[in-house]
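*Asks:* Got a structure for you, written out below as structure tokens; questions coming shortly.
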Amino acid sequence: MDKLVIRSGKKLNGTVAASGSKNSALPVIAATLLSPDGTFSINRIPDLKDVRTFIQLLEYLGAAVSFKNNRLEVCSSNLKSIEAPYELVKQMRASIYVLGPLLARFGHTRVSLPGGCAFGPRPVDLHIMAMEKLGATVTIEQGFIDAKVNGSRLRGAQIDFPISSVGATGNALMAAVTAEGTTVLENAALEPEIECLCQFLQKMGANISDIGTTKLVIEGVDQLKAVEFDNIFDRIEAGTLLGAAAITGGSVTVTGTVPEHLGSVLDAFRQAGCAVTIEGDAISLDAPEELQPVDITARPYPEFPTDMQAQWMALMTQARGDSTIIDRIYLERFNHLPELNRLGAHIEIRDNQALVHGPQELTGTKVMSTDLRASACLVLAGLVAKETTEVLRVYHLDRGYESIEKKLSALGADITREKYQEFS
Ligand code: EPZ
């Protein structure tokens, strides 16, 4: 198993390019199942564990896939299965993204229920509601979602989401683009990753209007074609790298971004005293001598993203004063908190609100990753903690960050990846 060993005291300085987004790559890869017509070429796909798992799923279904130098080639002409097996879905809940495309293409699919994750139950009731609205009968049996189209084809429908759901919006879009007639998605997710999926579907020949709003109107088309497409940048990776500059008192520029996708995060960095400048696709952050405490509440886009909440908590341990962190999307997404306190932070939980007392000097020790963004939080804390921090079980980190230790080393961090054994 791998761990990251981080020796502190280094201010991070320099320029680093953002990788492609994981959370747009996964639905975009799923959408290639919609067309039997030839080979897709998708650029800027990050080389991540989750992407590799999704490729395994596509190959299990019968697609021909090649992936090198961040370019993915997919041909879904000869699919041979309509089932997403438990073994793969359990590894990566985003496998649920094959529900919409397989149902639209074959009229029937069986997808293992993804189950929960480290920070709570991750229901899929809104995904199922959307498929039923589009004319499918969905049953849950033996841990599988079994969805069958009534009649020959899905039919356009009015789908009102009671809460904003990135995944359910994505699945509804992929099911609706070849449905008979018009589909209206109300309260659709606004995340840039969904906008990216809409652009991809549009390029394939789908007819989606008002992209980038919470009301998407889709006119079903009869067929979609294989295309070349460029994935967007990973805004959470970019935010994490800027956080590494902020927590170490450094100065870092991240290139290849769309700055407005990080609006609320850049605002928070500025409120914390960081100088943030934008030049084209480059975001530069100069850390202040002393960080100011900034309260954040994680909400759907364009508010502060839940996937940056853990990283922000690490940063606030160094702020001069107390700050409050609330997550309105995953109320209990605080698994990183006990490990931060083991590094010397002083953070309390009251009524699902984390109260971070700062500044707290952190001292390195061994800490355990529990999920993807908790791992990123512990890496940021390790960069500023005295002595040496060992972040264990970095397989969590590898799900969503492409060679992060190489990027941080290039910025001046003393960080290495090492093998270790766990007690069985
Ligand atoms: C996506 O998950 C992201 N994953 C998550 O990123 C991210 O945290 C989340 O969106 C919120 O932004 C991918 O894109 C692969 P949701 P998703 O459906 O689609 C509830 C990371 O670190 N809900 O927008 O699963 C749900 O419980 C990962 O990269 C239902 O109640 O999230 C949550 O409270 C972690 N029923 C809220 O909606 C449903 O059917 C938002 O979840 C679906 C969701």
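Labels used: A, B, ... for chains in the order of the structure tokens, numbers from 1 for residues in each chain, and numbers from 1 for ligands as shown.
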Output the neighbourhood of ligand 1 as an MDAnalysis selection string, that is, all protein and nucleic acid residues with some atom at most 6 Å from the ligand, counting only C-alpha atoms and all ligand atoms.
*Replies:* chainID A and resid 23 94 122:127 165:168 306:307 329:330 372:373
*Asks:* From the DSSP assignment of the backbone, select every residue of region 75-169 of chain A that is helix (DSSP H, G or I), and format the answer as a PyMOL selection string.
*Replies:* chain A and resi 86-91+93-106+125-133+166-169
*Asks:* Between A:Leu102, A:Ala354, A:Ile415, A:Val16, which one has atoms that come closest to Ala282 (chain A), using only C-alpha atoms?
*Replies:* A:Val16
*Asks:* For Trp312 (chain A), list every protein, DNA or RNA residue within 9 Å, evaluated using only C-alpha atoms, and leave out those in the same chain fewer than 5 positions away; present the list as a list in words.
*Replies:*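 Result of the neighbour search: Thr240, Gly243, Ile296, Thr317, Ile325 and Cys377 of chain A.
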*Asks:* Calculated over only C-alpha atoms, which of the candidates A:Arg333, A:Arg110, A:Arg71, A:Lys133 has the smallest distance to Val98 (chain A)?
*Replies:* A:Arg110
